[in-house]
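Dumped coords22.txt below, it's compact mmCIF, C-alpha atoms:
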```txt
# COMPACT_ATOMS: atom_id res chain seq x y z
CA MET L 1 124.73 154.50 168.54
CA LYS L 2 127.56 153.19 166.37
CA LYS L 3 130.09 150.81 167.92
CA TYR L 4 133.06 148.96 166.43
CA PHE L 5 134.41 145.55 167.35
CA THR L 6 137.50 143.84 165.91
CA SER L 7 138.52 140.17 165.77
CA GLU L 8 141.53 138.45 164.23
CA SER L 9 142.47 135.06 162.83
CA VAL L 10 145.70 133.47 161.59
CA THR L 11 146.61 130.94 158.92
CA GLU L 12 147.90 127.42 159.50
CA GLY L 13 151.44 128.64 158.78
CA HIS L 14 151.48 131.13 161.64
CA PRO L 15 154.19 129.91 164.06
CA ASP L 16 151.75 129.48 166.98
CA LYS L 17 149.33 127.55 164.78
CA LEU L 18 152.16 125.39 163.44
CA CYS L 19 152.80 124.42 167.08
CA ASP L 20 149.09 123.84 167.76
CA LEU L 21 148.82 121.55 164.74
CA ILE L 22 151.89 119.53 165.73
CA SER L 23 150.49 119.08 169.26
CA ASP L 24 147.02 118.08 167.98
CA SER L 25 148.49 115.76 165.33
CA LEU L 26 150.46 113.94 168.02
CA LEU L 27 147.36 113.77 170.23
CA ASP L 28 145.37 112.18 167.40
CA GLU L 29 148.08 109.59 166.78
CA PHE L 30 148.17 108.58 170.44
CA LEU L 31 144.37 108.34 170.55
CA ARG L 32 144.35 106.31 167.33
CA GLY L 33 146.58 103.71 169.00
CA ASP L 34 145.04 103.95 172.49
CA CYS L 35 141.74 105.79 172.96
CA ASN L 36 142.45 106.12 176.69
CA SER L 37 145.74 107.99 176.16
CA ARG L 38 146.44 110.83 178.56
CA VAL L 39 148.16 113.55 176.58
CA ALA L 40 149.33 117.09 177.34
CA ILE L 41 151.84 118.05 174.67
CA GLU L 42 153.41 121.48 174.21
CA THR L 43 155.34 122.43 171.09
CA VAL L 44 157.83 125.26 170.65
CA ALA L 45 159.10 126.32 167.21
CA GLY L 46 161.93 128.69 166.33
CA LYS L 47 164.83 129.00 163.90
CA ASN L 48 164.55 125.59 162.23
CA THR L 49 164.07 123.79 165.55
CA ILE L 50 161.03 122.07 167.04
CA PHE L 51 160.92 121.27 170.77
CA ILE L 52 158.30 118.79 172.00
CA THR L 53 157.63 118.63 175.72
CA GLY L 54 154.84 117.68 178.12
CA GLU L 55 153.31 114.48 179.48
CA VAL L 56 152.00 111.36 177.77
CA THR L 57 150.72 108.12 179.28
CA SER L 58 149.72 105.75 176.48
CA SER L 59 150.17 102.23 175.15
CA ALA L 60 150.25 103.58 171.57
CA ASP L 61 153.46 103.28 169.60
CA VAL L 62 153.87 106.67 167.91
CA SER L 63 156.86 107.82 165.87
CA ILE L 64 156.87 111.36 167.19
CA GLU L 65 159.57 112.62 164.82
CA ASN L 66 157.74 111.28 161.76
CA VAL L 67 154.48 112.92 162.84
CA VAL L 68 156.24 116.24 163.42
CA ARG L 69 157.97 116.25 160.03
CA ARG L 70 154.82 115.16 158.21
CA THR L 71 152.81 117.91 159.88
CA ILE L 72 155.32 120.65 159.05
CA LYS L 73 155.40 119.50 155.42
CA SER L 74 151.60 119.43 155.19
CA ILE L 75 151.51 123.15 155.99
CA GLY L 76 154.05 123.98 153.28
CA TYR L 77 157.27 124.47 155.21
CA PHE L 78 159.72 122.39 153.20
CA GLY L 79 162.69 123.08 150.97
CA LYS L 80 164.95 126.11 151.15
CA ASP L 81 162.37 128.79 150.34
CA TYR L 82 161.10 129.16 153.90
CA ASP L 83 162.29 129.38 157.47
CA ILE L 84 161.81 125.82 158.70
CA ASP L 85 162.43 122.74 156.58
CA ALA L 86 160.34 119.66 157.36
CA ASP L 87 163.07 117.29 156.19
CA SER L 88 166.09 118.81 157.95
CA CYS L 89 164.87 120.81 160.97
CA ASN L 90 166.09 119.88 164.43
CA ILE L 91 163.55 118.03 166.58
CA ILE L 92 164.08 117.78 170.33
CA ILE L 93 161.74 115.46 172.27
CA ASN L 94 161.34 115.76 176.04
CA LEU L 95 158.20 113.90 177.14
CA THR L 96 157.41 112.32 180.51
CA LYS L 97 154.43 110.35 181.85
CA GLN L 98 151.42 112.02 183.46
CA SER L 99 151.95 112.83 187.11
CA PRO L 100 150.57 110.01 189.33
CA ASP L 101 149.21 112.73 191.65
CA ILE L 102 146.98 114.02 188.84
CA ALA L 103 146.07 110.48 187.81
CA LEU L 104 144.63 109.86 191.30
CA GLY L 105 141.73 112.17 190.51
CA THR L 106 141.24 111.42 186.81
CA ASN L 107 141.30 107.63 186.66
CA ASP L 108 138.21 105.80 185.42
CA LEU L 109 137.07 104.97 188.96
CA VAL L 110 137.05 108.60 190.17
CA GLY L 111 136.43 110.29 186.81
CA GLY L 112 137.37 113.72 188.11
CA ALA L 113 138.54 116.79 186.25
CA GLY L 114 142.19 116.89 185.24
CA ASP L 115 142.60 120.40 186.60
CA GLN L 116 140.74 123.25 188.23
CA GLY L 117 139.45 126.11 186.14
CA MET L 118 136.53 127.80 184.44
CA MET L 119 135.54 127.28 180.82
CA ILE L 120 133.37 129.55 178.69
CA GLY L 121 130.97 128.83 175.83
CA TYR L 122 129.23 131.47 173.73
CA ALA L 123 126.69 131.74 170.94
CA CYS L 124 124.67 134.49 169.28
CA ASP L 125 122.25 134.80 166.40
CA GLU L 126 124.44 137.10 164.26
CA THR L 127 125.24 134.31 161.79
CA GLU L 128 123.86 130.97 160.62
CA GLU L 129 126.65 129.27 162.56
CA LEU L 130 125.53 131.12 165.72
CA MET L 131 128.96 132.72 165.94
CA PRO L 132 129.91 136.41 166.11
CA MET L 133 130.25 137.87 162.61
CA GLY L 134 133.71 139.39 163.10
CA ILE L 135 135.57 136.23 164.10
CA LEU L 136 133.67 134.16 161.55
CA LEU L 137 134.71 136.47 158.69
CA ALA L 138 138.30 136.67 159.98
CA HIS L 139 138.49 132.85 159.94
CA LYS L 140 137.02 132.67 156.44
CA LEU L 141 139.54 135.22 155.17
CA ALA L 142 142.42 133.25 156.73
CA LYS L 143 141.14 129.99 155.25
CA ARG L 144 140.70 131.57 151.82
CA LEU L 145 144.21 133.05 152.06
CA THR L 146 145.54 129.54 152.63
CA ASP L 147 143.46 128.14 149.77
CA VAL L 148 144.72 130.67 147.22
CA ARG L 149 148.29 129.89 148.29
CA ARG L 150 147.87 126.12 148.09
CA ASN L 151 146.02 126.25 144.76
CA LYS L 152 148.44 128.86 143.34
CA ILE L 153 145.57 131.23 142.55
CA VAL L 154 147.86 133.99 143.82
CA ASP L 155 151.58 133.51 143.15
CA GLY L 156 154.41 133.81 145.63
CA LEU L 157 152.57 133.51 148.94
CA GLY L 158 154.11 131.95 152.05
CA PRO L 159 152.37 129.87 154.73
CA ASP L 160 152.38 132.55 157.44
CA GLY L 161 149.52 135.04 157.54
CA LYS L 162 147.01 136.96 159.65
CA THR L 163 143.61 138.53 159.09
CA GLN L 164 141.51 141.04 161.00
CA VAL L 165 137.94 142.31 160.62
CA THR L 166 136.24 145.28 162.25
CA ILE L 167 132.43 145.18 162.36
CA GLU L 168 130.35 148.33 162.70
CA TYR L 169 127.26 147.94 164.88
CA ASP L 170 124.34 150.34 164.89
CA ASP L 171 122.16 149.89 167.99
CA ASP L 172 123.75 146.44 168.47
CA LYS L 173 122.85 145.36 164.92
CA ILE L 174 125.50 144.71 162.27
CA SER L 175 125.49 147.50 159.69
CA ARG L 176 128.74 147.04 157.73
CA VAL L 177 132.38 145.94 157.73
CA ASP L 178 134.46 148.97 158.68
CA ALA L 179 137.97 147.56 158.19
CA ILE L 180 139.75 144.51 156.78
CA LEU L 181 143.41 143.73 157.39
CA ILE L 182 145.39 140.97 155.66
CA SER L 183 149.08 140.35 156.26
CA THR L 184 150.66 137.52 154.30
CA GLN L 185 154.14 136.14 153.97
CA HIS L 186 155.46 136.32 150.42
CA LYS L 187 158.52 135.60 148.35
CA GLU L 188 161.17 138.26 147.84
CA ASN L 189 160.22 139.11 144.27
CA VAL L 190 156.47 139.66 144.80
CA GLU L 191 155.32 143.25 144.27
CA LEU L 192 153.08 144.87 146.87
CA SER L 193 150.79 146.24 144.16
CA TYR L 194 150.23 142.70 142.86
CA LEU L 195 149.43 141.45 146.37
CA LYS L 196 146.93 144.23 147.01
CA GLU L 197 145.10 143.75 143.75
CA SER L 198 145.12 139.93 143.86
CA LEU L 199 144.13 139.51 147.50
CA TYR L 200 141.33 142.05 147.22
CA LYS L 201 139.91 140.21 144.23
CA GLU L 202 140.61 136.60 145.22
CA VAL L 203 140.26 136.72 149.00
CA ILE L 204 138.24 139.70 150.22
CA LEU L 205 135.60 139.75 147.48
CA LYS L 206 135.25 135.95 147.67
CA VAL L 207 134.57 136.03 151.42
CA ILE L 208 132.97 139.27 152.56
CA PRO L 209 129.30 139.67 151.56
CA LYS L 210 128.91 142.64 149.21
CA TYR L 211 126.17 144.20 151.34
CA LEU L 212 128.71 144.65 154.16
CA LEU L 213 131.24 146.51 152.00
CA ASP L 214 131.10 150.14 150.91
CA ASP L 215 133.45 152.87 149.72
CA LYS L 216 134.31 153.74 153.33
CA THR L 217 135.51 150.22 154.22
CA LYS L 218 139.21 150.43 155.01
CA ILE L 219 141.31 147.76 153.24
CA LEU L 220 144.83 147.17 154.55
CA ILE L 221 147.04 144.55 152.88
CA ASN L 222 150.60 144.05 154.16
CA PRO L 223 150.64 147.56 155.67
CA THR L 224 154.39 147.49 156.43
CA GLY L 225 155.03 146.87 152.72
CA ARG L 226 157.07 143.70 153.21
CA PHE L 227 156.56 140.29 154.87
CA VAL L 228 159.25 137.95 153.53
CA ILE L 229 160.62 136.63 156.82
CA GLY L 230 157.83 134.74 158.55
CA GLY L 231 157.04 131.47 160.28
CA PRO L 232 159.18 130.41 163.25
CA LEU L 233 162.12 132.50 162.04
CA GLY L 234 160.12 135.71 162.09
CA ASP L 235 158.49 134.94 165.43
CA ALA L 236 158.88 131.93 167.73
CA GLY L 237 155.79 129.72 167.99
CA LEU L 238 154.18 128.11 171.02
CA THR L 239 151.19 125.83 171.57
CA GLY L 240 148.15 127.51 173.11
CA ARG L 241 149.03 131.13 172.44
CA LYS L 242 146.04 131.88 170.20
CA ILE L 243 143.21 131.23 172.66
CA ILE L 244 141.09 134.18 171.51
CA VAL L 245 141.50 133.19 167.85
CA ASP L 246 140.48 129.64 168.84
CA THR L 247 137.29 130.78 170.56
CA TYR L 248 135.10 133.84 169.95
CA GLY L 249 137.44 136.62 168.84
CA GLY L 250 137.05 138.54 172.10
CA TYR L 251 133.24 138.69 172.01
CA ALA L 252 133.03 136.45 175.10
CA HIS L 253 134.99 135.94 178.29
CA HIS L 254 137.78 133.34 178.35
CA GLY L 255 138.75 131.09 181.24
CA GLY L 256 142.43 131.14 180.21
CA GLY L 257 142.98 127.49 179.31
CA ALA L 258 144.30 126.50 175.89
CA PHE L 259 143.01 123.54 173.87
CA SER L 260 145.59 122.03 171.53
CA GLY L 261 147.65 119.03 172.57
CA LYS L 262 145.32 118.07 175.43
CA ASP L 263 143.15 114.97 175.60
CA ALA L 264 139.56 115.34 176.74
CA THR L 265 140.15 114.48 180.40
CA LYS L 266 141.53 118.02 180.52
CA VAL L 267 138.44 120.14 181.10
CA ASP L 268 140.27 123.10 179.57
CA ARG L 269 139.28 121.46 176.32
CA SER L 270 136.30 119.17 176.89
CA ALA L 271 134.31 121.51 179.13
CA ALA L 272 134.92 124.45 176.80
CA TYR L 273 133.48 122.35 173.97
CA MET L 274 130.49 121.39 176.13
CA ALA L 275 129.94 124.99 177.17
CA ARG L 276 129.81 125.98 173.50
CA PHE L 277 127.35 123.13 172.85
CA LEU L 278 125.10 124.38 175.62
CA ALA L 279 125.29 128.04 174.59
CA LYS L 280 124.64 127.20 170.94
CA ASN L 281 121.61 125.08 171.74
CA ILE L 282 120.18 127.63 174.13
CA VAL L 283 120.21 130.08 171.20
CA ALA L 284 119.18 127.48 168.59
CA ASN L 285 116.15 126.51 170.69
CA GLY L 286 115.02 130.12 170.90
CA TYR L 287 115.63 130.58 174.63
CA ALA L 288 117.90 133.59 173.95
CA LYS L 289 119.52 135.59 171.16
CA ARG L 290 122.89 135.68 172.92
CA CYS L 291 124.20 133.32 175.58
CA GLU L 292 127.38 132.77 177.55
CA VAL L 293 127.84 129.62 179.65
CA GLN L 294 130.54 129.16 182.29
CA LEU L 295 131.41 125.75 183.73
CA SER L 296 133.91 125.52 186.59
CA TYR L 297 135.69 122.47 188.02
CA ALA L 298 138.03 121.37 190.81
CA ILE L 299 140.82 118.88 190.13
CA GLY L 300 139.77 115.34 191.00
CA ILE L 301 136.07 116.25 191.40
CA ALA L 302 133.67 115.02 188.75
CA GLU L 303 130.67 117.35 189.06
CA PRO L 304 131.14 121.00 188.09
CA ILE L 305 131.58 123.40 191.00
CA SER L 306 129.31 125.93 189.32
CA ILE L 307 127.21 126.52 186.20
CA TYR L 308 126.60 130.12 185.15
CA ILE L 309 124.33 131.25 182.32
CA ASN L 310 124.13 134.83 181.04
CA THR L 311 121.69 135.70 178.25
CA PHE L 312 122.38 139.46 178.27
CA PHE L 313 118.67 140.25 178.71
CA THR L 314 117.83 138.55 175.39
CA ASN L 315 116.16 135.50 176.98
CA THR L 316 112.61 134.39 176.17
CA ILE L 317 112.32 132.26 179.32
CA SER L 318 113.99 132.86 182.67
CA GLU L 319 117.66 132.01 183.13
CA GLU L 320 116.60 129.85 186.08
CA GLN L 321 114.44 127.77 183.70
CA ILE L 322 117.30 127.48 181.23
CA LEU L 323 119.67 126.34 183.98
CA GLU L 324 117.12 123.76 185.13
CA LYS L 325 116.79 122.41 181.59
CA VAL L 326 120.57 122.11 181.28
CA SER L 327 121.01 120.46 184.68
CA ASN L 328 118.21 117.94 184.07
CA LYS L 329 119.30 117.00 180.54
CA PHE L 330 123.10 116.80 180.52
CA ASP L 331 125.81 114.97 182.45
CA LEU L 332 128.48 117.64 182.89
CA THR L 333 131.11 115.43 184.52
CA PRO L 334 134.28 114.95 182.42
CA LYS L 335 133.28 111.34 181.71
CA GLY L 336 129.76 112.42 180.77
CA ILE L 337 131.06 115.10 178.39
CA ILE L 338 133.59 112.73 176.81
CA ASN L 339 130.93 110.10 176.18
CA PHE L 340 128.31 112.56 174.92
CA LEU L 341 130.68 114.27 172.47
CA ASN L 342 132.70 111.13 171.59
CA LEU L 343 135.95 112.83 172.56
CA ARG L 344 138.09 109.69 172.65
CA ASN L 345 138.17 109.71 168.84
CA PRO L 346 141.15 111.21 166.96
CA ILE L 347 139.31 114.29 165.67
CA PHE L 348 141.42 117.08 167.06
CA LYS L 349 143.48 118.01 163.99
CA GLU L 350 140.16 119.17 162.51
CA THR L 351 139.80 121.73 165.27
CA THR L 352 143.24 123.35 165.18
CA ASN L 353 142.88 125.97 162.47
CA TYR L 354 140.25 128.64 161.76
CA GLY L 355 138.52 128.28 165.11
CA HIS L 356 137.29 125.42 167.27
CA PHE L 357 133.70 126.60 166.96
CA GLY L 358 131.27 127.24 164.14
CA LYS L 359 132.30 124.13 162.13
CA ASN L 360 129.22 122.00 161.62
CA ASN L 361 131.16 118.72 161.31
CA LEU L 362 132.28 118.79 164.96
CA PRO L 363 130.18 117.04 167.64
CA TRP L 364 129.78 120.07 169.92
CA GLU L 365 128.20 121.97 167.02
CA GLN L 366 125.23 119.58 166.71
CA LYS L 367 121.79 121.04 167.34
CA ILE L 368 119.28 119.22 169.51
CA ASP L 369 115.92 120.00 171.06
CA PHE L 370 115.84 120.22 174.85
```

Written as structure tokens, how would this file's structure read?
Amino acid sequence: MKKYFTSESVTEGHPDKLCDLISDSLLDEFLRGDCNSRVAIETVAGKNTIFITGEVTSSADVSIENVVRRTIKSIGYFGKDYDIDADSCNIIINLTKQSPDIALGTNDLVGGAGDQGMMIGYACDETEELMPMGILLAHKLAKRLTDVRRNKIVDGLGPDGKTQVTIEYDDDKISRVDAILISTQHKENVELSYLKESLYKEVILKVIPKYLLDDKTKILINPTGRFVIGGPLGDAGLTGRKIIVDTYGGYAHHGGGAFSGKDATKVDRSAAYMARFLAKNIVANGYAKRCEVQLSYAIGIAEPISIYINTFFTNTISEEQILEKVSNKFDLTPKGIINFLNLRNPIFKETTNYGHFGKNNLPWEQKIDF
């Protein structure tokens, strides 16, 4: 039986990802000055204005405006060609300290979770990275789209862009790529025919394995015919609005919590990373071909309320045995996760774009025997 599944990604210049990167860049700066910083920063972007809000408790001295302008410029939004100018945009800062009521349950003595919620981790053996093929290819297309813009391999591209990949499965095995969609911001004078030819050659053929392409693969590049107005002028941006892009492209459940701008005492982030670590290592150790792990927490309580493991009938040992291995081996309290994954380090800018999972340089992607 043939089935089709689609996942999307976005470039670093997408307005939501601009906001994610600003929030994570500020988080890293606070952690660099004070590794015990408590940070929950939200960023809003629209019409040449950046609004920073949320809660920060930290001894670090951070020039928030400088970090924001530097981050916007690093993406490529500067000068008069685009919708937000790093040097002249309006920046509004509205930060307060973390609520003392929350701090009661998350201080070092109690070590509890910073909020209630359930976090999901997933892994499968479709790719070397133990990620679903669709989201992995969508991320690689988005990253390549950014690279050809930055390196001027294709002329006239803007920072904003999106990609989408549809995978055809035959009896749950990948058979081909059925559809590829690329939408990219461009300058006024760039011809659509040039974009189609250049992006097919320099992006699609550089990313998608040839054995997955055939003459029936649908290729869509800027299907409306025009994408000049982009970034925060084309669509307002907001931190945490790309949670499916950040995770597994819809292949797995999602607990609902966003990642960017939050320090690791927020289990929305740290427990999601640990759940991915567990799922990946369950697959990497041969206990299953597919695995989804759910961890749930109550605010102010250190130990997880529940641990759920689903191997979708692909397990080689019982799920009870897998759960026992996990419970005996790992400390799943927020403090235990932070220490195990070294999450007090300023590493979070590395996670913002092209997915938080499947990047081998990140601590929750390490493989271990257990």

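If all atoms listed in the file are the atoms counted, then among L:Leu141, L:Gly79, L:Asp125, L:Glu202 the closest residue to Cys291 (chain L) is L:Asp125.
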
Any idea what's packed within 9 Å of Ile243 (chain L), counting only C-alpha atoms, ignoring anything in its chain fewer than 4 positions away? Could you give it as a PDB file with C-alpha atoms, in the coordinates of the input?
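New file selection.pdb:
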```
ATOM      1  CA  THR L 247     137.290 130.780 170.560  1.00  0.00           C
ATOM      2  CA  TYR L 248     135.100 133.840 169.950  1.00  0.00           C
ATOM      3  CA  GLY L 249     137.440 136.620 168.840  1.00  0.00           C
ATOM      4  CA  HIS L 254     137.780 133.340 178.350  1.00  0.00           C
ATOM      5  CA  GLY L 256     142.430 131.140 180.210  1.00  0.00           C
ATOM      6  CA  GLY L 257     142.980 127.490 179.310  1.00  0.00           C
ATOM      7  CA  ALA L 258     144.300 126.500 175.890  1.00  0.00           C
ATOM      8  CA  PHE L 259     143.010 123.540 173.870  1.00  0.00           C
TER       9      PHE L 259
END
```

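Taking CA of Ala123 (chain L) and CA of Ile135 (chain L) as endpoints, the distance between them is 12.1 Å.
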
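In this structure, CA of Glu42 (chain L) sits 16.4 Å away from CA of Gly114 (chain L).
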
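Considering the residues L:Leu21, L:Ile153, L:Leu205, L:Leu192 and counting only C-alpha atoms, Lys140 (chain L) has its shortest atom-to-atom contact with L:Leu205.
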
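One distance worth recording is that between CA of Gly13 (chain L) and CA of Arg269 (chain L), which is 22.5 Å.
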
Residue with the minimum atom-to-atom distance to Gln185 (chain L), picked from L:Arg241, L:Arg32, L:Lys349, L:Arg149 with all atoms listed in the file counted, is L:Arg149

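Around Asn353 (chain L), within 9 Å and counting only C-alpha atoms, the residues found are Val10, Thr11, Glu12, Lys17, Asp20, Leu21, His139, Lys143, Asp246 and Lys349 of chain L, once anything fewer than 4 positions away on its own chain is removed.
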
Expected file contents, prior selection, C-alpha atoms, as a CSV table (one decimal), keeping the file's coordinate frame:
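Result file result-v8.csv:
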```csv
chain,number,residue,atom,x,y,z
L,10,VAL,CA,145.7,133.5,161.6
L,11,THR,CA,146.6,130.9,158.9
L,12,GLU,CA,147.9,127.4,159.5
L,17,LYS,CA,149.3,127.6,164.8
L,20,ASP,CA,149.1,123.8,167.8
L,21,LEU,CA,148.8,121.6,164.7
L,139,HIS,CA,138.5,132.8,159.9
L,143,LYS,CA,141.1,130.0,155.2
L,246,ASP,CA,140.5,129.6,168.8
L,349,LYS,CA,143.5,118.0,164.0
```

Select, from L:Leu343, L:Val44, L:Ile22, L:Leu332, the residue with the minimum atom-to-atom distance to Ala264 (chain L), counting all atoms listed in the file.
L:Leu343

List as an mmCIF file with C-alpha atoms, in the frame of the given file: which residues have an atom within 9 Å of (127.4, 136.2, 170.1), counting only C-alpha atoms?
```cif
data_model
loop_
_atom_site.group_PDB
_atom_site.id
_atom_site.type_symbol
_atom_site.label_atom_id
_atom_site.label_comp_id
_atom_site.auth_asym_id
_atom_site.auth_seq_id
_atom_site.Cartn_x
_atom_site.Cartn_y
_atom_site.Cartn_z
ATOM 1 C CA TYR L 122 129.230 131.470 173.730
ATOM 2 C CA ALA L 123 126.690 131.740 170.940
ATOM 3 C CA CYS L 124 124.670 134.490 169.280
ATOM 4 C CA ASP L 125 122.250 134.800 166.400
ATOM 5 C CA GLU L 126 124.440 137.100 164.260
ATOM 6 C CA THR L 127 125.240 134.310 161.790
ATOM 7 C CA LEU L 130 125.530 131.120 165.720
ATOM 8 C CA MET L 131 128.960 132.720 165.940
ATOM 9 C CA PRO L 132 129.910 136.410 166.110
ATOM 10 C CA MET L 133 130.250 137.870 162.610
ATOM 11 C CA TYR L 248 135.100 133.840 169.950
ATOM 12 C CA TYR L 251 133.240 138.690 172.010
ATOM 13 C CA ALA L 252 133.030 136.450 175.100
ATOM 14 C CA LYS L 289 119.520 135.590 171.160
ATOM 15 C CA ARG L 290 122.890 135.680 172.920
ATOM 16 C CA CYS L 291 124.200 133.320 175.580
ATOM 17 C CA GLU L 292 127.380 132.770 177.550
#
```
